[in-house]
Each structure stands twice: as structure tokens, then as C-alpha cells.
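S.K.: upload_20.tsv is reproduced in full below (TSV, C-alpha atoms).
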```
chain	number	residue	atom	x	y	z
A	1	MET	CA	-39.42	45.05	37.02
A	2	LYS	CA	-36.78	47.48	35.88
A	3	LYS	CA	-34.15	44.78	36.09
A	4	HIS	CA	-36.38	42.35	34.21
A	5	GLY	CA	-37.09	45.01	31.58
A	6	GLY	CA	-33.38	45.65	31.11
A	7	THR	CA	-32.75	41.94	30.64
A	8	LYS	CA	-35.56	41.82	28.11
A	9	ILE	CA	-34.12	44.71	26.10
A	10	LEU	CA	-30.65	43.14	26.22
A	11	ALA	CA	-32.07	39.82	25.02
A	12	VAL	CA	-33.80	41.53	22.11
A	13	MET	CA	-30.54	43.26	21.17
A	14	MET	CA	-28.60	39.98	21.33
A	15	LEU	CA	-31.27	38.24	19.27
A	16	ALA	CA	-31.04	40.94	16.62
A	17	VAL	CA	-27.27	40.54	16.42
A	18	CYS	CA	-27.45	36.75	16.19
A	19	TRP	CA	-30.17	36.90	13.52
A	20	SER	CA	-28.30	39.47	11.48
A	21	GLY	CA	-26.63	36.55	9.69
A	22	THR	CA	-23.28	38.28	9.32
A	23	SER	CA	-22.06	39.66	12.60
A	24	LEU	CA	-21.05	36.47	14.40
A	25	TYR	CA	-20.69	33.70	11.84
A	26	ALA	CA	-19.77	35.29	8.51
A	27	ALA	CA	-16.28	36.73	8.90
A	28	VAL	CA	-15.07	35.19	5.65
A	29	THR	CA	-15.71	36.13	2.02
A	30	ASN	CA	-16.23	33.06	-0.16
A	31	LEU	CA	-14.57	33.91	-3.47
A	32	PHE	CA	-14.91	30.49	-5.12
A	33	GLU	CA	-17.12	27.49	-4.43
A	34	TYR	CA	-17.79	24.26	-6.34
A	35	LEU	CA	-20.76	22.08	-5.33
A	36	PHE	CA	-20.99	19.79	-8.41
A	37	GLU	CA	-24.77	20.28	-8.51
A	38	GLU	CA	-25.11	20.73	-12.26
A	39	GLY	CA	-25.21	17.06	-13.26
A	40	ILE	CA	-27.10	13.81	-12.73
A	41	ALA	CA	-25.89	10.92	-10.58
A	42	GLY	CA	-23.76	8.52	-12.63
A	43	GLN	CA	-23.22	11.07	-15.40
A	44	THR	CA	-19.71	12.14	-16.44
A	45	ILE	CA	-18.64	15.39	-14.77
A	46	SER	CA	-19.38	18.38	-16.97
A	47	ASN	CA	-16.45	19.99	-18.74
A	48	PRO	CA	-16.32	22.74	-17.74
A	49	SER	CA	-17.89	22.24	-14.33
A	50	PRO	CA	-19.44	25.60	-13.37
A	51	ALA	CA	-18.53	27.48	-10.24
A	52	THR	CA	-21.32	27.96	-7.72
A	53	ILE	CA	-19.51	31.10	-6.55
A	54	GLY	CA	-16.82	32.90	-8.54
A	55	PRO	CA	-16.04	33.59	-12.19
A	56	TYR	CA	-13.84	30.58	-13.02
A	57	ASP	CA	-15.29	27.20	-13.94
A	58	LEU	CA	-13.31	23.98	-13.57
A	59	THR	CA	-11.96	22.36	-16.73
A	60	GLY	CA	-10.03	19.24	-17.61
A	61	ALA	CA	-12.48	16.72	-16.17
A	62	ASN	CA	-11.56	13.08	-16.81
A	63	SER	CA	-14.14	10.87	-18.53
A	64	THR	CA	-14.15	8.43	-15.60
A	65	HIS	CA	-15.11	11.08	-13.04
A	66	THR	CA	-18.85	11.12	-12.36
A	67	TYR	CA	-21.51	12.83	-10.28
A	68	SER	CA	-22.56	10.91	-7.18
A	69	THR	CA	-25.35	11.16	-4.60
A	70	ASN	CA	-22.79	10.12	-1.99
A	71	VAL	CA	-22.46	13.33	0.05
A	72	PRO	CA	-21.55	14.21	3.65
A	73	SER	CA	-24.52	13.55	5.90
A	74	GLY	CA	-25.97	16.89	6.95
A	75	GLY	CA	-22.65	18.66	6.62
A	76	THR	CA	-23.10	20.50	3.35
A	77	VAL	CA	-25.81	22.07	1.23
A	78	SER	CA	-24.73	19.89	-1.71
A	79	THR	CA	-26.81	16.95	-2.95
A	80	LEU	CA	-24.15	15.64	-5.36
A	81	SER	CA	-20.41	15.09	-5.07
A	82	ALA	CA	-17.66	14.35	-7.58
A	83	ALA	CA	-16.58	10.69	-7.68
A	84	ILE	CA	-12.97	10.69	-8.80
A	85	GLY	CA	-11.15	7.76	-10.42
A	86	ALA	CA	-7.66	6.64	-9.47
A	87	GLU	CA	-5.88	7.83	-12.63
A	88	ARG	CA	-2.55	9.54	-12.03
A	89	SER	CA	-3.57	12.69	-13.86
A	90	HIS	CA	-5.23	15.96	-13.02
A	91	PHE	CA	-8.94	15.96	-12.37
A	92	MET	CA	-9.83	19.61	-12.84
A	93	VAL	CA	-8.11	22.94	-13.30
A	94	THR	CA	-9.53	26.42	-13.35
A	95	ALA	CA	-10.57	28.11	-16.56
A	96	PRO	CA	-7.99	28.30	-19.37
A	97	GLY	CA	-5.68	31.26	-19.69
A	98	GLY	CA	-3.85	31.13	-16.38
A	99	ASN	CA	-6.75	31.95	-14.09
A	100	PHE	CA	-6.46	31.00	-10.43
A	101	TRP	CA	-8.38	31.63	-7.23
A	102	GLY	CA	-6.25	34.38	-5.78
A	103	SER	CA	-2.77	35.61	-4.89
A	104	ALA	CA	-3.31	36.00	-1.13
A	105	MET	CA	-0.31	35.02	0.98
A	106	ASP	CA	-2.08	35.63	4.30
A	107	ASN	CA	-5.61	35.69	5.70
A	108	PHE	CA	-7.14	33.10	3.36
A	109	GLY	CA	-8.43	29.55	3.50
A	110	ILE	CA	-9.09	26.51	1.32
A	111	GLU	CA	-11.55	23.82	2.37
A	112	CYS	CA	-13.44	20.79	1.08
A	113	TRP	CA	-15.22	17.62	2.06
A	114	VAL	CA	-13.40	14.45	1.02
A	115	GLN	CA	-14.04	10.70	1.18
A	116	PRO	CA	-10.84	8.78	0.38
A	117	ALA	CA	-11.39	5.38	-1.21
A	118	SER	CA	-8.46	3.70	0.55
A	119	THR	CA	-5.63	4.13	3.05
A	120	THR	CA	-3.05	4.06	0.25
A	121	ASN	CA	-4.38	7.22	-1.36
A	122	PHE	CA	-2.11	10.01	-2.60
A	123	GLY	CA	-3.65	13.06	-4.18
A	124	LEU	CA	-4.23	16.78	-4.19
A	125	LEU	CA	-7.59	17.79	-2.75
A	126	ALA	CA	-7.79	21.54	-3.35
A	127	VAL	CA	-4.72	23.59	-4.21
A	128	ASN	CA	-4.15	27.16	-5.35
A	129	GLY	CA	-1.06	27.70	-7.51
A	130	TYR	CA	1.13	25.95	-10.05
A	131	ASN	CA	4.76	26.80	-9.23
A	132	TYR	CA	3.95	28.32	-5.84
A	133	MET	CA	1.29	26.25	-4.12
A	134	ALA	CA	-0.99	26.47	-1.10
A	135	GLY	CA	-3.59	23.86	-0.28
A	136	ILE	CA	-4.53	20.48	1.14
A	137	TYR	CA	-3.43	16.98	0.23
A	138	VAL	CA	-4.10	13.37	1.21
A	139	ALA	CA	-1.01	11.16	1.63
A	140	SER	CA	-1.66	7.51	2.37
A	141	ASN	CA	-3.93	7.62	5.45
A	142	GLU	CA	-3.20	11.24	6.44
A	143	TYR	CA	-4.24	14.72	5.46
A	144	GLN	CA	-1.41	17.18	4.94
A	145	MET	CA	-0.94	20.83	4.04
A	146	ILE	CA	1.07	22.32	1.17
A	147	LEU	CA	2.85	25.66	1.48
A	148	TYR	CA	5.44	27.36	-0.65
A	149	THR	CA	8.11	28.48	1.82
A	150	GLY	CA	11.06	28.55	-0.59
A	151	ALA	CA	9.86	25.25	-2.05
A	152	ASN	CA	6.55	23.42	-2.18
A	153	THR	CA	6.55	21.56	1.13
A	154	LEU	CA	4.11	19.07	2.64
A	155	TYR	CA	3.42	19.66	6.34
A	156	ASP	CA	2.57	16.42	8.15
A	157	PHE	CA	0.72	16.71	11.47
A	158	ASN	CA	-0.33	13.02	11.67
A	159	ALA	CA	-3.92	13.96	10.84
A	160	THR	CA	-5.32	10.53	9.96
A	161	ILE	CA	-8.33	10.02	7.72
A	162	SER	CA	-11.46	8.72	9.44
A	163	GLY	CA	-11.29	5.69	7.17
A	164	PRO	CA	-11.96	4.49	3.61
A	165	GLY	CA	-15.45	5.42	2.54
A	166	LEU	CA	-15.90	7.94	5.38
A	167	TRP	CA	-16.30	11.67	4.88
A	168	ASP	CA	-13.96	14.24	6.43
A	169	HIS	CA	-13.93	18.00	6.27
A	170	VAL	CA	-10.41	19.31	5.62
A	171	ALA	CA	-9.27	22.93	5.56
A	172	MET	CA	-6.09	24.97	5.47
A	173	VAL	CA	-6.28	28.49	6.90
A	174	VAL	CA	-3.52	31.09	6.99
A	175	ASP	CA	-4.32	33.72	9.63
A	176	ASN	CA	-1.87	36.48	10.55
A	177	GLY	CA	1.08	34.43	9.30
A	178	THR	CA	0.11	31.14	10.96
A	179	ALA	CA	-0.99	28.31	8.66
A	180	THR	CA	-3.25	25.72	10.31
A	181	LEU	CA	-4.59	22.41	9.05
A	182	TYR	CA	-8.10	21.60	10.29
A	183	VAL	CA	-9.75	18.18	10.09
A	184	ASN	CA	-13.43	18.05	10.96
A	185	GLY	CA	-13.19	21.49	12.52
A	186	VAL	CA	-10.30	20.63	14.86
A	187	ALA	CA	-6.79	22.01	14.41
A	188	ALA	CA	-4.37	19.17	13.58
A	189	GLY	CA	-1.26	21.36	13.59
A	190	SER	CA	0.15	24.67	12.45
A	191	THR	CA	3.31	26.40	11.27
A	192	THR	CA	4.56	29.96	11.25
A	193	ASN	CA	6.84	29.31	8.27
A	194	ALA	CA	5.99	32.22	6.00
A	195	ILE	CA	4.70	31.82	2.45
A	196	THR	CA	7.45	33.37	0.34
A	197	ALA	CA	5.74	33.59	-3.07
A	198	ALA	CA	2.12	34.18	-4.05
A	199	PRO	CA	0.22	31.30	-5.68
A	200	ASN	CA	0.11	31.68	-9.45
A	201	ALA	CA	-1.16	30.41	-12.79
A	202	HIS	CA	-3.70	27.68	-11.91
A	203	SER	CA	-5.85	26.19	-9.17
A	204	TRP	CA	-6.67	22.51	-8.82
A	205	VAL	CA	-9.31	20.15	-7.43
A	206	GLY	CA	-8.71	16.44	-6.99
A	207	GLY	CA	-5.30	16.36	-8.72
A	208	ARG	CA	-3.02	18.38	-10.96
A	209	ASP	CA	-1.15	18.28	-14.25
A	210	GLY	CA	2.61	18.82	-14.46
A	211	GLY	CA	4.55	21.10	-12.16
A	212	THR	CA	6.98	20.33	-9.38
A	213	GLY	CA	7.59	16.66	-8.61
A	214	ALA	CA	5.51	13.50	-8.99
A	215	ASP	CA	4.04	13.81	-5.49
A	216	PHE	CA	2.29	17.01	-6.52
A	217	GLN	CA	0.74	15.44	-9.65
A	218	GLN	CA	-1.24	12.70	-7.93
A	219	ALA	CA	-5.00	12.38	-8.39
A	220	LEU	CA	-7.36	11.58	-5.55
A	221	ALA	CA	-9.24	8.29	-5.57
A	222	GLY	CA	-12.55	8.87	-3.83
A	223	ASN	CA	-15.22	11.56	-3.59
A	224	ILE	CA	-14.87	15.31	-3.09
A	225	ASP	CA	-17.48	17.97	-2.44
A	226	THR	CA	-18.08	21.62	-1.49
A	227	VAL	CA	-14.68	23.04	-2.40
A	228	ARG	CA	-14.18	26.63	-1.27
A	229	TYR	CA	-11.53	29.36	-1.39
A	230	PHE	CA	-12.13	32.29	0.93
A	231	THR	CA	-10.46	35.35	2.43
A	232	PHE	CA	-11.03	37.34	5.60
A	233	GLY	CA	-9.75	40.33	7.53
A	234	ALA	CA	-6.74	39.80	9.78
A	235	GLY	CA	-7.81	38.27	13.07
A	236	GLN	CA	-11.44	37.76	11.99
A	237	PHE	CA	-11.36	34.03	11.19
A	238	SER	CA	-13.20	31.59	13.43
A	239	THR	CA	-13.65	27.85	12.97
A	240	ASN	CA	-17.36	28.67	12.96
A	241	ASP	CA	-16.74	30.01	9.45
A	242	LEU	CA	-15.83	26.57	8.10
A	243	ASP	CA	-18.43	24.62	6.15
A	244	ILE	CA	-19.05	21.97	8.77
A	245	LEU	CA	-22.07	21.37	11.01
A	246	ALA	CA	-19.84	20.92	14.04
A	247	ASN	CA	-19.09	24.61	13.72
A	248	ALA	CA	-22.65	25.88	13.71
A	249	PRO	CA	-23.41	28.60	16.30
A	250	PRO	CA	-22.26	27.21	19.66
A	251	ALA	CA	-24.66	25.82	22.21
A	252	SER	CA	-24.00	28.78	24.49
A	253	ILE	CA	-26.25	30.87	22.23
A	254	PRO	CA	-29.90	30.28	23.25
A	255	THR	CA	-32.23	28.37	20.98
A	256	LEU	CA	-35.45	29.97	19.71
A	257	SER	CA	-37.45	28.42	22.58
A	258	GLU	CA	-34.90	29.67	25.08
A	259	TRP	CA	-35.13	33.16	23.57
A	260	GLY	CA	-38.86	32.99	24.06
A	261	MET	CA	-38.42	32.18	27.73
A	262	ILE	CA	-35.97	35.05	28.13
A	263	LEU	CA	-38.42	37.49	26.56
A	264	LEU	CA	-41.30	36.47	28.82
```
What does the file become when written as C-alpha cells?

M.R.:
Amino acid sequence: MKKHGGTKILAVMMLAVCWSGTSLYAAVTNLFEYLFEEGIAGQTISNPSPATIGPYDLTGANSTHTYSTNVPSGGTVSTLSAAIGAERSHFMVTAPGGNFWGSAMDNFGIECWVQPASTTNFGLLAVNGYNYMAGIYVASNEYQMILYTGANTLYDFNATISGPGLWDHVAMVVDNGTATLYVNGVAAGSTTNAITAAPNAHSWVGGRDGGTGADFQQALAGNIDTVRYFTFGAGQFSTNDLDILANAPPASIPTLSEWGMILL
């Protein structure tokens, strides 16, 4: 009985930790988030498009970009996404006056859900910075990562898109000096090449205006949703912190019914 009682107390303690909501699966601080929930399906994207989290709305929306009910199945809290046209121009930028998401050079991440319209797609997905950039990009049928390491450089890890019209979750995370590209919660590749200048001036979603080279001015053709910029303490990031159902609390943690059996 004593042993059983000790197990019971331990189970209660573990349950309290897991239900705390922050201890195991909330290492990151979401500084900016865009869900595109403010409109109606088929309607032109609002200009500005308000931030769900953070002080800077998105501006510069193109008249052909519309709200859509096409969203990742079960993978996001959003009920609308942004359907982006194929124009070679920027889709959105942060609020006027040089605002941007943050100047972190380490221990930060950028993520979004994306549905490319084709396998010949070139476009920025979510990028922080104008002259000195950090973010994620789609190039033809692959997702790539952008880092400023003396120049804005695309890092290609052969991370292929799931296919035209299919949703993928894409993220770039820099943790203790290692930058990793994640596709659907799985690391596609990483680099220890250090970011040598902090992102500055503007942040971008779905494309950008001006700057360094034509490749970095492309606009996405497809849908994008649940764009986030977050930071975290050194060594605290886990893929469970990404906005993807595959990274919900792992199966090794008992379900509610299993907890009930433990407590009996």
C-alpha cells in the first residue's frame, strides 16, 4: 500500500506539471502571429491586416490576395488563410516606419503553414529583415532557409514540398548558434554558419519589395497561414513548441483515461 500510495502521489504531481500548460510545452514566447481571421472568404485581404499577437499589423496587401477557407486540416487554430496571387511583388510588410519583428541573432524562430500552388514556385514565406534577412523561402519544389552570414544566403537541404495544393508546416529555428530548417516538424538540415548582422527595417510575409537581388523579391503563389515569430531561452526550444499537431505532447505522456487508471 505504501508503494501504491507513493505512485499515486507521483502521478498526481506529474499530472499537475503536465496540466500547468507552460512547463513542458511552452518554452517559446510568441512575439508576433498572423492568422488572417479578420475577413470573409473571397474578400480582399484587409490593408492593414491586423496582428493576432504583437503590435505591428501587416500592410501592402495586393488587391488580388484574398481570404480563403482553405486551411491546414487540424493543424492550426485558424479558420481562414491568405490566398496569394502570383504577382512578382511584395504581399505584405510590417507597419510603416521601419518596424520589424525583432533583432535577435540567436534563440529565435519563424514559422508558417504554406500551400504552394505549383512546383515552379519561387517566393518568400516569412522573413525578418530588409538588408540583413532571416527566414524561410520556397524555391521551385523545395523549402529553403535564408540567413545573413556576410550576405543573404539561401540554404538548400533538399526539403521538397509535399506537392501542389498540399499544406506543409515550415519553420526556421536558430538555437545556440545552430540554424535548422524544419518541414512538418522534422529537421531537414542545419548550419552553424553564424548570423553576422541583426535583421533590420522590415519583416515580410508572402513576398517582399526591393532589397538585395531578384530572388529575394519573389512573391509566393499559393496559400499561407498562421505566421509566427518567437523567441526562447538558450537550450529551451523543442519541436513540441512548433505550431503543428504532430508535435502535440508525445504519446509517452498518459491520456486522461490512463491517468485515471494510475490514480485508482

S.K.: Please indicate the distance in Å from atom CA of His65 of chain A to atom CA of Ser46 of chain A, rounded to one decimal place.

M.R.: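 If I compute the distance from atom CA of His65 of chain A to atom CA of Ser46 of chain A, I get 9.3 Å.
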
S.K.: Which residue is closest to Leu58 of chain A? Choose from A:Asn184, A:Ser81, A:Ser203, A:Asn152 and count all atoms listed in the file.

M.R.: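 With all atoms listed in the file as the atom set, the closest residue is A:Ser203.
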
S.K.: I'd like to know which of A:Ala134, A:Ala51, A:Leu35, A:Ala27 is closest to Thr180 of chain A, using only C-alpha atoms.

M.R.: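 Going through A:Ala134, A:Ala51, A:Leu35, A:Ala27 one by one, the smallest distance to Thr180 of chain A is for A:Ala134.
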
S.K.: Which residues are close to Val28 of chain A, i.e. within 12 Å by all atoms listed in the file, leaving aside same-chain residues fewer than 2 positions away? Reply as an MDAnalysis selection string.

M.R.: chainID A and resid 22:26 30:32 107:110 173 175 228:243

S.K.: Box time for segment 161-176 of chain A: axis-aligned, enclosing all its listed atoms, 3 Å extra on each side; report centre and edge lengths in Å to one decimal, as JSON.

M.R.:
```
{"center_x": -9.1, "center_y": 20.5, "center_z": 6.5, "size_x": 20.4, "size_y": 38.0, "size_z": 14.0}
```

S.K.: Given the choices A:Asn70, A:Thr226, A:Thr196, A:Asn141, which gets closest to His169 of chain A if the distance is worked out from all atoms listed in the file?

M.R.: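 Between A:Asn70, A:Thr226, A:Thr196, A:Asn141, the residue approaching His169 of chain A most closely is A:Thr226.
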
S.K.: With all atoms listed in the file as the atoms that count, which of A:Ala221, A:Ala83, A:Ile146, A:Ala151 lies nearest to Val174 of chain A?

M.R.: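 Smallest distance to Val174 of chain A is found for A:Ile146.
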
S.K.: I want to know what sits within 12 Å of Ala117 of chain A, based on only C-alpha atoms, with residues of the same chain fewer than 6 positions away left out; could you give that as JSON, numbers by chain?

M.R.: {"A": [83, 84, 85, 86, 123, 138, 140, 141, 161, 162, 163, 164, 165, 166, 167, 168, 219, 220, 221, 222, 223, 224]}

S.K.: N, CA and C atoms are what I want for segment 104-133 of chain A; can you complete it accordingly and write them as a short mmCIF file (atom, residue, chain, number, x, y, z; two decimals), in the frame of the given file?

M.R.:
```
data_model
loop_
_atom_site.label_atom_id
_atom_site.label_comp_id
_atom_site.auth_asym_id
_atom_site.auth_seq_id
_atom_site.Cartn_x
_atom_site.Cartn_y
_atom_site.Cartn_z
N ALA A 104 -3.49 35.72 -2.56
CA ALA A 104 -3.31 36.00 -1.13
C ALA A 104 -2.21 35.13 -0.55
N MET A 105 -1.36 35.74 0.26
CA MET A 105 -0.31 35.02 0.98
C MET A 105 -0.61 34.96 2.48
N ASP A 106 -1.67 35.63 2.90
CA ASP A 106 -2.08 35.63 4.30
C ASP A 106 -3.58 35.88 4.35
N ASN A 107 -4.20 35.47 5.45
CA ASN A 107 -5.61 35.69 5.70
C ASN A 107 -6.51 35.11 4.60
N PHE A 108 -6.32 33.82 4.34
CA PHE A 108 -7.14 33.10 3.36
C PHE A 108 -7.30 31.66 3.82
N GLY A 109 -8.23 30.96 3.18
CA GLY A 109 -8.43 29.55 3.50
C GLY A 109 -8.89 28.76 2.30
N ILE A 110 -8.65 27.46 2.34
CA ILE A 110 -9.09 26.51 1.32
C ILE A 110 -9.70 25.33 2.06
N GLU A 111 -10.89 24.91 1.65
CA GLU A 111 -11.55 23.82 2.37
C GLU A 111 -12.33 22.94 1.41
N CYS A 112 -12.60 21.70 1.84
CA CYS A 112 -13.44 20.79 1.08
C CYS A 112 -13.87 19.65 1.96
N TRP A 113 -14.86 18.92 1.49
CA TRP A 113 -15.22 17.62 2.06
C TRP A 113 -14.59 16.54 1.17
N VAL A 114 -14.06 15.50 1.79
CA VAL A 114 -13.40 14.45 1.02
C VAL A 114 -13.70 13.08 1.64
N GLN A 115 -13.84 12.10 0.77
CA GLN A 115 -14.04 10.70 1.18
C GLN A 115 -13.02 9.84 0.45
N PRO A 116 -11.85 9.62 1.04
CA PRO A 116 -10.84 8.78 0.38
C PRO A 116 -11.34 7.35 0.19
N ALA A 117 -10.94 6.74 -0.91
CA ALA A 117 -11.39 5.38 -1.21
C ALA A 117 -10.55 4.32 -0.52
N SER A 118 -9.34 4.69 -0.06
CA SER A 118 -8.46 3.70 0.55
C SER A 118 -7.48 4.39 1.48
N THR A 119 -6.67 3.59 2.17
CA THR A 119 -5.63 4.13 3.05
C THR A 119 -4.28 4.20 2.33
N THR A 120 -4.28 3.95 1.04
CA THR A 120 -3.05 4.06 0.25
C THR A 120 -3.21 5.16 -0.80
N ASN A 121 -4.00 6.16 -0.44
CA ASN A 121 -4.38 7.22 -1.36
C ASN A 121 -3.36 8.35 -1.33
N PHE A 122 -2.94 8.81 -2.49
CA PHE A 122 -2.11 10.01 -2.60
C PHE A 122 -2.77 10.93 -3.60
N GLY A 123 -3.04 12.16 -3.21
CA GLY A 123 -3.65 13.06 -4.18
C GLY A 123 -3.93 14.44 -3.64
N LEU A 124 -3.86 15.42 -4.53
CA LEU A 124 -4.23 16.78 -4.19
C LEU A 124 -5.74 16.85 -3.99
N LEU A 125 -6.16 17.59 -2.99
CA LEU A 125 -7.59 17.79 -2.75
C LEU A 125 -8.04 19.13 -3.33
N ALA A 126 -7.48 20.20 -2.84
CA ALA A 126 -7.79 21.54 -3.35
C ALA A 126 -6.56 22.39 -3.15
N VAL A 127 -6.00 22.88 -4.26
CA VAL A 127 -4.72 23.59 -4.21
C VAL A 127 -4.78 24.83 -5.10
N ASN A 128 -4.25 25.92 -4.59
CA ASN A 128 -4.15 27.16 -5.35
C ASN A 128 -2.70 27.37 -5.74
N GLY A 129 -2.42 27.44 -7.05
CA GLY A 129 -1.06 27.70 -7.51
C GLY A 129 -0.47 26.57 -8.31
N TYR A 130 0.47 26.92 -9.17
CA TYR A 130 1.13 25.95 -10.05
C TYR A 130 2.60 25.78 -9.65
N ASN A 131 3.38 26.86 -9.71
CA ASN A 131 4.76 26.80 -9.23
C ASN A 131 4.85 27.06 -7.73
N TYR A 132 3.96 27.93 -7.25
CA TYR A 132 3.95 28.32 -5.84
C TYR A 132 2.59 27.94 -5.29
N MET A 133 2.54 26.91 -4.46
CA MET A 133 1.29 26.25 -4.12
C MET A 133 0.89 26.49 -2.66
#
```
